[in-house]
>>> print(open('upload04.cif').read())   # mmCIF, C-alpha atoms and all ligand atoms
data_input
loop_
_atom_site.group_PDB
_atom_site.id
_atom_site.type_symbol
_atom_site.label_atom_id
_atom_site.label_comp_id
_atom_site.auth_asym_id
_atom_site.auth_seq_id
_atom_site.Cartn_x
_atom_site.Cartn_y
_atom_site.Cartn_z
ATOM 1 C CA MET A 17 86.462 157.224 233.070
ATOM 2 C CA ALA A 18 82.816 158.060 233.613
ATOM 3 C CA LEU A 19 79.376 156.608 232.980
ATOM 4 C CA LEU A 20 77.119 158.932 231.008
ATOM 5 C CA ARG A 21 73.403 158.337 231.603
ATOM 6 C CA ILE A 22 70.989 159.845 229.117
ATOM 7 C CA ASP A 23 67.214 159.793 229.569
ATOM 8 C CA SER A 24 64.690 160.905 226.969
ATOM 9 C CA SER A 25 61.250 159.666 228.069
ATOM 10 C CA LEU A 26 58.455 162.226 228.365
ATOM 11 C CA ARG A 27 56.504 159.993 230.768
ATOM 12 C CA GLY A 28 58.315 161.070 233.946
ATOM 13 C CA GLU A 29 57.644 158.801 236.929
ATOM 14 C CA ARG A 30 55.693 156.304 234.794
ATOM 15 C CA SER A 31 58.581 155.809 232.374
ATOM 16 C CA LEU A 32 59.781 152.263 231.810
ATOM 17 C CA THR A 33 63.064 153.341 230.235
ATOM 18 C CA ARG A 34 63.831 155.460 233.299
ATOM 19 C CA GLN A 35 63.114 152.388 235.422
ATOM 20 C CA LEU A 36 65.744 150.554 233.361
ATOM 21 C CA THR A 37 68.337 153.342 233.448
ATOM 22 C CA ASP A 38 67.767 153.674 237.234
ATOM 23 C CA ARG A 39 68.222 149.956 237.671
ATOM 24 C CA PHE A 40 71.352 149.829 235.508
ATOM 25 C CA THR A 41 73.037 152.774 237.216
ATOM 26 C CA SER A 42 72.187 151.472 240.723
ATOM 27 C CA ALA A 43 73.634 148.040 239.910
ATOM 28 C CA TRP A 44 76.646 149.718 238.366
ATOM 29 C CA HIS A 45 77.195 152.053 241.305
ATOM 30 C CA ALA A 46 77.064 149.117 243.748
ATOM 31 C CA GLN A 47 80.077 147.622 241.985
ATOM 32 C CA ARG A 48 81.880 150.772 240.829
ATOM 33 C CA PRO A 49 81.230 153.511 243.421
ATOM 34 C CA ASP A 50 84.551 155.020 242.335
ATOM 35 C CA MET A 51 83.318 155.811 238.847
ATOM 36 C CA LYS A 52 81.896 159.250 238.130
ATOM 37 C CA MET A 53 78.295 159.334 236.880
ATOM 38 C CA ILE A 54 77.114 162.094 234.559
ATOM 39 C CA GLU A 55 73.364 162.519 234.004
ATOM 40 C CA ARG A 56 71.607 164.206 231.091
ATOM 41 C CA ASP A 57 67.835 164.377 230.916
ATOM 42 C CA LEU A 58 66.848 165.394 227.395
ATOM 43 C CA ALA A 59 63.125 165.314 228.199
ATOM 44 C CA VAL A 60 63.478 167.820 231.041
ATOM 45 C CA ALA A 61 65.882 170.023 229.063
ATOM 46 C CA PRO A 62 65.580 169.269 225.323
ATOM 47 C CA PRO A 63 68.269 170.685 223.042
ATOM 48 C CA PRO A 64 67.141 173.285 220.487
ATOM 49 C CA LEU A 65 67.025 172.271 216.818
ATOM 50 C CA VAL A 66 70.270 172.989 215.013
ATOM 51 C CA THR A 67 70.002 175.956 212.611
ATOM 52 C CA PRO A 68 71.850 177.158 209.484
ATOM 53 C CA GLU A 69 73.868 179.484 211.767
ATOM 54 C CA TRP A 70 74.751 176.547 214.042
ATOM 55 C CA ILE A 71 75.979 174.476 211.073
ATOM 56 C CA SER A 72 78.036 177.383 209.818
ATOM 57 C CA ALA A 73 79.639 177.803 213.272
ATOM 58 C CA ALA A 74 80.340 174.054 213.508
ATOM 59 C CA PHE A 75 82.175 174.157 210.170
ATOM 60 C CA THR A 76 84.201 177.250 211.177
ATOM 61 C CA PRO A 77 87.575 176.280 212.704
ATOM 62 C CA GLU A 78 87.563 176.914 216.463
ATOM 63 C CA THR A 79 90.279 179.578 216.232
ATOM 64 C CA ASP A 80 88.265 181.568 213.647
ATOM 65 C CA ARG A 81 84.948 181.617 215.546
ATOM 66 C CA ASN A 82 83.588 184.970 216.686
ATOM 67 C CA ASP A 83 81.652 185.436 219.946
ATOM 68 C CA THR A 84 78.299 184.627 218.290
ATOM 69 C CA ALA A 85 79.638 181.396 216.793
ATOM 70 C CA ARG A 86 81.235 180.427 220.109
ATOM 71 C CA ALA A 87 77.938 181.032 221.914
ATOM 72 C CA LEU A 88 76.110 178.881 219.351
ATOM 73 C CA MET A 89 78.536 176.026 220.045
ATOM 74 C CA ALA A 90 78.404 176.290 223.845
ATOM 75 C CA LEU A 91 75.729 173.647 224.477
ATOM 76 C CA SER A 92 77.245 171.279 221.938
ATOM 77 C CA ASP A 93 80.664 171.726 223.622
ATOM 78 C CA GLU A 94 79.073 170.917 226.986
ATOM 79 C CA TYR A 95 77.428 167.737 225.623
ATOM 80 C CA LEU A 96 80.644 166.759 223.869
ATOM 81 C CA ALA A 97 82.756 167.125 227.009
ATOM 82 C CA GLU A 98 80.404 164.632 228.679
ATOM 83 C CA VAL A 99 80.689 162.165 225.800
ATOM 84 C CA GLU A 100 84.479 162.477 225.751
ATOM 85 C CA ARG A 101 84.701 161.674 229.482
ATOM 86 C CA ALA A 102 82.446 158.635 229.189
ATOM 87 C CA SER A 103 83.761 155.122 228.665
ATOM 88 C CA ILE A 104 80.195 153.795 228.909
ATOM 89 C CA ILE A 105 76.982 155.507 227.770
ATOM 90 C CA VAL A 106 73.648 154.235 229.113
ATOM 91 C CA MET A 107 70.684 155.536 227.115
ATOM 92 C CA GLY A 108 67.004 155.294 228.018
ATOM 93 C CA VAL A 109 65.284 155.374 224.616
ATOM 94 C CA PRO A 110 61.490 155.057 224.369
ATOM 95 C CA MET A 111 60.185 154.132 220.926
ATOM 96 C CA TYR A 112 58.302 157.079 219.425
ATOM 97 C CA ASN A 113 56.804 156.516 215.976
ATOM 98 C CA TYR A 114 59.126 153.579 215.415
ATOM 99 C CA GLY A 115 62.291 155.570 216.073
ATOM 100 C CA MET A 116 64.081 157.500 218.809
ATOM 101 C CA PRO A 117 62.525 160.568 220.523
ATOM 102 C CA ALA A 118 63.115 163.857 218.682
ATOM 103 C CA ALA A 119 65.109 165.289 221.612
ATOM 104 C CA LEU A 120 67.597 162.411 221.420
ATOM 105 C CA LYS A 121 67.959 162.789 217.641
ATOM 106 C CA CYS A 122 68.565 166.492 218.257
ATOM 107 C CA TRP A 123 71.240 165.630 220.862
ATOM 108 C CA PHE A 124 73.001 163.481 218.235
ATOM 109 C CA ASP A 125 72.867 166.436 215.820
ATOM 110 C CA HIS A 126 74.625 168.544 218.482
ATOM 111 C CA VAL A 127 77.340 166.032 219.396
ATOM 112 C CA ILE A 128 78.344 164.462 216.070
ATOM 113 C CA ARG A 129 80.756 167.195 214.998
ATOM 114 C CA ILE A 130 83.269 167.493 212.217
ATOM 115 C CA GLY A 131 86.813 167.729 213.555
ATOM 116 C CA ARG A 132 85.667 166.720 217.038
ATOM 117 C CA THR A 133 83.970 163.331 216.755
ATOM 118 C CA PHE A 134 84.567 162.511 213.095
ATOM 119 C CA SER A 135 86.964 163.409 210.324
ATOM 120 C CA PHE A 136 86.031 163.795 206.651
ATOM 121 C CA ASP A 137 88.499 162.941 203.905
ATOM 122 C CA LEU A 138 87.509 162.288 200.281
ATOM 123 C CA GLY A 139 90.870 160.518 199.959
ATOM 124 C CA ARG A 140 89.103 157.612 201.677
ATOM 125 C CA GLY A 141 86.934 157.095 198.601
ATOM 126 C CA ASP A 142 83.270 156.238 199.074
ATOM 127 C CA PHE A 143 83.508 156.203 202.895
ATOM 128 C CA PRO A 144 85.038 159.602 203.755
ATOM 129 C CA LEU A 145 83.762 159.786 207.362
ATOM 130 C CA GLU A 146 85.780 158.195 210.171
ATOM 131 C CA PRO A 147 85.158 158.414 213.925
ATOM 132 C CA ILE A 148 87.868 160.197 215.929
ATOM 133 C CA LEU A 149 86.913 158.723 219.313
ATOM 134 C CA ALA A 150 86.964 154.967 220.062
ATOM 135 C CA GLY A 151 86.545 152.277 222.680
ATOM 136 C CA LYS A 152 83.201 153.326 224.193
ATOM 137 C CA ILE A 153 80.398 150.961 225.179
ATOM 138 C CA LEU A 154 76.744 151.879 224.588
ATOM 139 C CA VAL A 155 73.814 150.311 226.439
ATOM 140 C CA ILE A 156 70.430 151.032 224.789
ATOM 141 C CA LEU A 157 67.559 150.560 227.263
ATOM 142 C CA SER A 158 64.356 150.808 225.328
ATOM 143 C CA ALA A 159 60.587 150.398 225.763
ATOM 144 C CA HIS A 160 57.910 149.760 223.155
ATOM 145 C CA GLY A 161 54.129 149.995 223.341
ATOM 146 C CA GLU A 162 53.791 147.195 220.805
ATOM 147 C CA PHE A 163 56.011 144.118 220.485
ATOM 148 C CA GLY A 164 58.109 141.997 218.124
ATOM 149 C CA PHE A 165 60.817 144.564 217.298
ATOM 150 C CA ALA A 166 63.810 142.270 217.968
ATOM 151 C CA PRO A 167 65.556 140.600 214.992
ATOM 152 C CA GLY A 168 63.221 137.921 213.616
ATOM 153 C CA GLY A 169 60.181 139.449 215.388
ATOM 154 C CA VAL A 170 56.865 140.305 213.694
ATOM 155 C CA ARG A 171 57.712 144.029 213.642
ATOM 156 C CA ALA A 172 61.496 143.732 213.178
ATOM 157 C CA THR A 173 61.413 145.730 209.924
ATOM 158 C CA MET A 174 59.558 148.554 211.739
ATOM 159 C CA ASN A 175 62.340 149.003 214.297
ATOM 160 C CA HIS A 176 64.039 152.227 213.205
ATOM 161 C CA LEU A 177 65.281 152.904 216.731
ATOM 162 C CA THR A 178 68.091 150.434 217.483
ATOM 163 C CA GLY A 179 69.844 150.615 214.114
ATOM 164 C CA HIS A 180 69.658 154.412 213.979
ATOM 165 C CA VAL A 181 71.015 154.902 217.512
ATOM 166 C CA GLN A 182 73.767 152.347 216.860
ATOM 167 C CA THR A 183 74.800 153.911 213.535
ATOM 168 C CA CYS A 184 74.940 157.441 215.005
ATOM 169 C CA SER A 185 76.807 156.268 218.112
ATOM 170 C CA ARG A 186 79.685 154.951 216.034
ATOM 171 C CA TYR A 187 80.561 158.617 215.370
ATOM 172 C CA LEU A 188 80.823 159.177 219.120
ATOM 173 C CA GLY A 189 83.431 156.433 219.490
ATOM 174 C CA VAL A 190 81.054 153.594 220.357
ATOM 175 C CA ASP A 191 82.248 150.221 219.145
ATOM 176 C CA THR A 192 80.271 147.867 221.390
ATOM 177 C CA VAL A 193 76.475 148.044 221.713
ATOM 178 C CA HIS A 194 74.157 146.174 224.086
ATOM 179 C CA SER A 195 70.408 146.491 223.797
ATOM 180 C CA ILE A 196 67.601 145.515 226.191
ATOM 181 C CA ALA A 197 63.918 146.361 225.638
ATOM 182 C CA ILE A 198 60.601 146.135 227.439
ATOM 183 C CA GLU A 199 57.681 145.420 225.109
ATOM 184 C CA TYR A 200 53.855 145.262 225.220
ATOM 185 C CA GLN A 201 53.525 148.495 227.296
ATOM 186 C CA GLU A 202 50.278 149.421 225.529
ATOM 187 C CA PHE A 203 48.744 145.980 226.202
ATOM 188 C CA GLY A 204 49.433 146.078 229.949
ATOM 189 C CA ASP A 205 48.842 142.313 230.151
ATOM 190 C CA ASP A 206 50.818 139.341 231.444
ATOM 191 C CA ARG A 207 53.099 139.471 228.426
ATOM 192 C CA HIS A 208 54.042 143.003 229.432
ATOM 193 C CA LEU A 209 54.673 142.026 233.057
ATOM 194 C CA ALA A 210 56.859 139.127 231.877
ATOM 195 C CA SER A 211 58.746 141.466 229.543
ATOM 196 C CA VAL A 212 59.417 143.953 232.389
ATOM 197 C CA GLY A 213 60.640 141.142 234.651
ATOM 198 C CA ALA A 214 62.932 139.684 231.980
ATOM 199 C CA ALA A 215 64.381 143.105 231.101
ATOM 200 C CA LEU A 216 65.191 143.872 234.758
ATOM 201 C CA VAL A 217 67.007 140.543 235.121
ATOM 202 C CA GLU A 218 68.935 141.230 231.894
ATOM 203 C CA VAL A 219 69.838 144.739 233.050
ATOM 204 C CA ASP A 220 71.193 143.481 236.390
ATOM 205 C CA ALA A 221 73.279 140.813 234.650
ATOM 206 C CA LEU A 222 74.626 143.210 232.033
ATOM 207 C CA ALA A 223 75.529 145.907 234.562
ATOM 208 C CA ALA A 224 77.346 143.361 236.741
ATOM 209 C CA ALA A 225 79.214 141.835 233.785
ATOM 210 C CA LEU A 226 80.304 145.190 232.333
ATOM 211 C CA ALA A 227 81.282 146.645 235.707
ATOM 212 C CA ALA A 228 83.448 143.580 236.381
ATOM 213 C CA ALA A 229 84.995 143.631 232.884
ATOM 214 C CA MET A 230 85.830 147.340 233.120
ATOM 215 C CA ARG A 231 87.416 147.133 236.583
ATOM 216 C CA PRO A 232 90.845 148.786 236.391
ATOM 217 C CA ASP A 233 93.235 146.170 237.844
HETATM 218 C C1 LIG B 301 54.693 160.013 220.998
HETATM 219 C C2 LIG B 301 54.668 158.525 221.207
HETATM 220 C C3 LIG B 301 54.883 157.687 220.130
HETATM 221 C C4 LIG B 301 54.913 156.314 220.315
HETATM 222 N N1 LIG B 301 55.171 155.515 219.238
HETATM 223 C C5 LIG B 301 55.277 154.172 219.413
HETATM 224 C C6 LIG B 301 55.612 153.321 218.326
HETATM 225 O O1 LIG B 301 55.852 153.757 217.226
HETATM 226 N N2 LIG B 301 55.707 151.992 218.554
HETATM 227 C C7 LIG B 301 55.503 151.446 219.784
HETATM 228 O O2 LIG B 301 55.622 150.224 219.929
HETATM 229 N N3 LIG B 301 55.175 152.239 220.844
HETATM 230 C C8 LIG B 301 55.074 153.573 220.677
HETATM 231 N N4 LIG B 301 54.789 154.393 221.744
HETATM 232 C C9 LIG B 301 54.656 153.792 223.082
HETATM 233 C C10 LIG B 301 55.946 153.907 223.854
HETATM 234 O O3 LIG B 301 57.023 153.328 223.167
HETATM 235 C C11 LIG B 301 55.781 153.257 225.232
HETATM 236 O O4 LIG B 301 54.825 154.005 225.962
HETATM 237 C C12 LIG B 301 57.075 153.178 226.031
HETATM 238 O O5 LIG B 301 56.807 152.612 227.277
HETATM 239 C C13 LIG B 301 57.704 154.559 226.196
HETATM 240 O O6 LIG B 301 58.835 154.506 227.045
HETATM 241 P P1 LIG B 301 58.748 155.158 228.505
HETATM 242 O O7 LIG B 301 57.824 154.252 229.302
HETATM 243 O O8 LIG B 301 60.139 155.160 229.021
HETATM 244 O O9 LIG B 301 58.180 156.529 228.353
HETATM 245 C C14 LIG B 301 54.707 155.760 221.598
HETATM 246 C C15 LIG B 301 54.490 156.625 222.686
HETATM 247 C C16 LIG B 301 54.463 157.980 222.493
HETATM 248 C C17 LIG B 301 54.250 158.894 223.671
#
>>> encode(input="upload04.cif", output="structure tokens")
Amino acid sequence: MALLRIDSSLRGERSLTRQLTDRFTSAWHAQRPDMKMIERDLAVAPPPLVTPEWISAAFTPETDRNDTARALMALSDEYLAEVERASIIVMGVPMYNYGMPAALKCWFDHVIRIGRTFSFDLGRGDFPLEPILAGKILVILSAHGEFGFAPGGVRATMNHLTGHVQTCSRYLGVDTVHSIAIEYQEFGDDRHLASVGAALVEVDALAAALAAAMRPD
């Protein structure tokens, strides 16, 4: 059992999503110091785009791969080992152009792999893909410059971040998703300060509740 923390903000020290992932992991560690924490910073070290050669290697059975194909899969294998070890994944996901950052989308392209995280069988009819892994929890910690992206909000239909991350994560074995967001970053007004305060309270409560629920006893 491990907690996998993934950050993807390009704003370094000023990042609100990093503030949330820091807060979540600190609260978690206070309750579960026994649990291993794995950290991936996709802004500091972004994955390369997948290529035709990469796809070809991914679709070649492991036993048939040559040295070049094995080398092409090395980073993906590393990412995948981290996902497989994780029972909880905590993702800092800034909203960029109404979706997730390109580096995070690229990470998904590297880790959602046929035969490793999903199986494909046309015998299943119109829904041939099935996840292989299961039982993982995902916490999406997001930040938006604008506001109103929650269900029912004034920009709810422009939120292509939460649904996309959730849909992709199913193929990593995620079956429970929690989402907390800071809004109004670009306004920098009282609404933003209130949003930061509320998100931090929510993060503390969620980390405490999940750490207690996942205690092995
Ligand atoms: C490239 C880029 C694109 C952005 N696109 C959006 C957007 O589509 N909608 C929005 O509400 N905010 C947008 N923002 C603002 C960020 O979501 C906001 O700054 C947020 O705080 C980023 O998270 P961070 O503080 O962890 O970096 C964008 C920021 C950048 C740098």
>>> residues_near_ligand(input="upload04.cif", ligand="ligand LIG 301 (chain B)", cutoff="6 Å", atoms="only C-alpha atoms and all ligand atoms", output="VMD selection string")
chain A and resid 25 to 27 31 to 34 110 to 114 159 to 162 201
>>> resolve_selection(input="upload04.cif", expression="the PyMOL selection byres (((chain A and resi 223) around 8) and not hetatm)", output="ChimeraX atom specification")
/A:40-41,43-44,219-222,224-227
>>> closest_residue(input="upload04.cif", among="A:Cys184, A:Leu209, A:Leu120, A:Leu91", to="Asp23 (chain A)", atoms="only C-alpha atoms")
A:Leu120
>>> residues_around(input="upload04.cif", residues="Gly115 (chain A)", least_positions_apart="5", cutoff="7 Å", atoms="only C-alpha atoms", output="ChimeraX atom specification")
/A:175-177
>>> resolve_selection(input="upload04.cif", expression="the PyMOL selection byres (((chain A and resi 57) around 9) and not hetatm)", output="list in words")
Arg21, Ile22, Asp23, Ser24, Ser25, Glu55, Arg56, Leu58, Ala59, Val60, Ala61 and Pro62 of chain A
>>> write_last_selection(input="upload04.cif", atoms="C-alpha atoms", output="PDB file, in the frame of the given file")
ATOM      1  CA  ARG A  21      73.403 158.337 231.603  1.00  0.00           C
ATOM      2  CA  ILE A  22      70.989 159.845 229.117  1.00  0.00           C
ATOM      3  CA  ASP A  23      67.214 159.793 229.569  1.00  0.00           C
ATOM      4  CA  SER A  24      64.690 160.905 226.969  1.00  0.00           C
ATOM      5  CA  SER A  25      61.250 159.666 228.069  1.00  0.00           C
ATOM      6  CA  GLU A  55      73.364 162.519 234.004  1.00  0.00           C
ATOM      7  CA  ARG A  56      71.607 164.206 231.091  1.00  0.00           C
ATOM      8  CA  LEU A  58      66.848 165.394 227.395  1.00  0.00           C
ATOM      9  CA  ALA A  59      63.125 165.314 228.199  1.00  0.00           C
ATOM     10  CA  VAL A  60      63.478 167.820 231.041  1.00  0.00           C
ATOM     11  CA  ALA A  61      65.882 170.023 229.063  1.00  0.00           C
ATOM     12  CA  PRO A  62      65.580 169.269 225.323  1.00  0.00           C
TER      13      PRO A  62
END
>>> closest_residue(input="upload04.cif", among="A:Val212, A:Ile153, A:Val217, A:Ile128", to="Glu199 (chain A)", atoms="all atoms listed in the file")
A:Val212
>>> closest_residue(input="upload04.cif", among="A:Lys152, A:Arg30, A:Arg231, A:Arg48", to="Ser103 (chain A)", atoms="all atoms listed in the file")
A:Lys152
>>> closest_residue(input="upload04.cif", among="A:Lys121, A:Arg86, A:Arg81, A:Lys52", to="Leu65 (chain A)", atoms="only C-alpha atoms")
A:Lys121
>>> atom_distance(input="upload04.cif", atom1="CA of Pro147 (chain A)", atom2="CA of Thr192 (chain A)")
13.8 Å
>>> closest_residue(input="upload04.cif", among="A:Pro63, A:Val106, A:Cys122, A:Thr133", to="Val193 (chain A)", atoms="all atoms listed in the file")
A:Val106
>>> residues_around(input="upload04.cif", residues="Ala90 (chain A)", least_positions_apart="6", cutoff="12 Å", atoms="all atoms listed in the file", output="number ranges by chain")
A: 63, 70, 73-74, 78, 81, 83-84, 96-97, 126-127
>>> write_last_selection(input="upload04.cif", atoms="C-alpha atoms", output="PDB file, keeping the file's coordinate frame")
ATOM      1  CA  PRO A  63      68.269 170.685 223.042  1.00  0.00           C
ATOM      2  CA  TRP A  70      74.751 176.547 214.042  1.00  0.00           C
ATOM      3  CA  ALA A  73      79.639 177.803 213.272  1.00  0.00           C
ATOM      4  CA  ALA A  74      80.340 174.054 213.508  1.00  0.00           C
ATOM      5  CA  GLU A  78      87.563 176.914 216.463  1.00  0.00           C
ATOM      6  CA  ARG A  81      84.948 181.617 215.546  1.00  0.00           C
ATOM      7  CA  ASP A  83      81.652 185.436 219.946  1.00  0.00           C
ATOM      8  CA  THR A  84      78.299 184.627 218.290  1.00  0.00           C
ATOM      9  CA  LEU A  96      80.644 166.759 223.869  1.00  0.00           C
ATOM     10  CA  ALA A  97      82.756 167.125 227.009  1.00  0.00           C
ATOM     11  CA  HIS A 126      74.625 168.544 218.482  1.00  0.00           C
ATOM     12  CA  VAL A 127      77.340 166.032 219.396  1.00  0.00           C
TER      13      VAL A 127
END
>>> closest_residue(input="upload04.cif", among="A:Gly179, A:Pro49, A:Gly189, A:Gly139", to="Arg101 (chain A)", atoms="only C-alpha atoms")
A:Gly189
>>> atom_distance(input="upload04.cif", atom1="CA of Ser158 (chain A)", atom2="CA of Thr178 (chain A)")
8.7 Å
>>> resolve_selection(input="upload04.cif", expression="the PyMOL selection byres (((chain A and resi 19) around 7) and not hetatm)", output="count of residues only")
10
>>> axis_aligned_box(input="upload04.cif", around="region 44-49 of chain A", padding_each_side="6 Å", output="JSON")
{"center_x": 79.3, "center_y": 150.6, "center_z": 241.1, "size_x": 17.2, "size_y": 17.9, "size_z": 17.4}
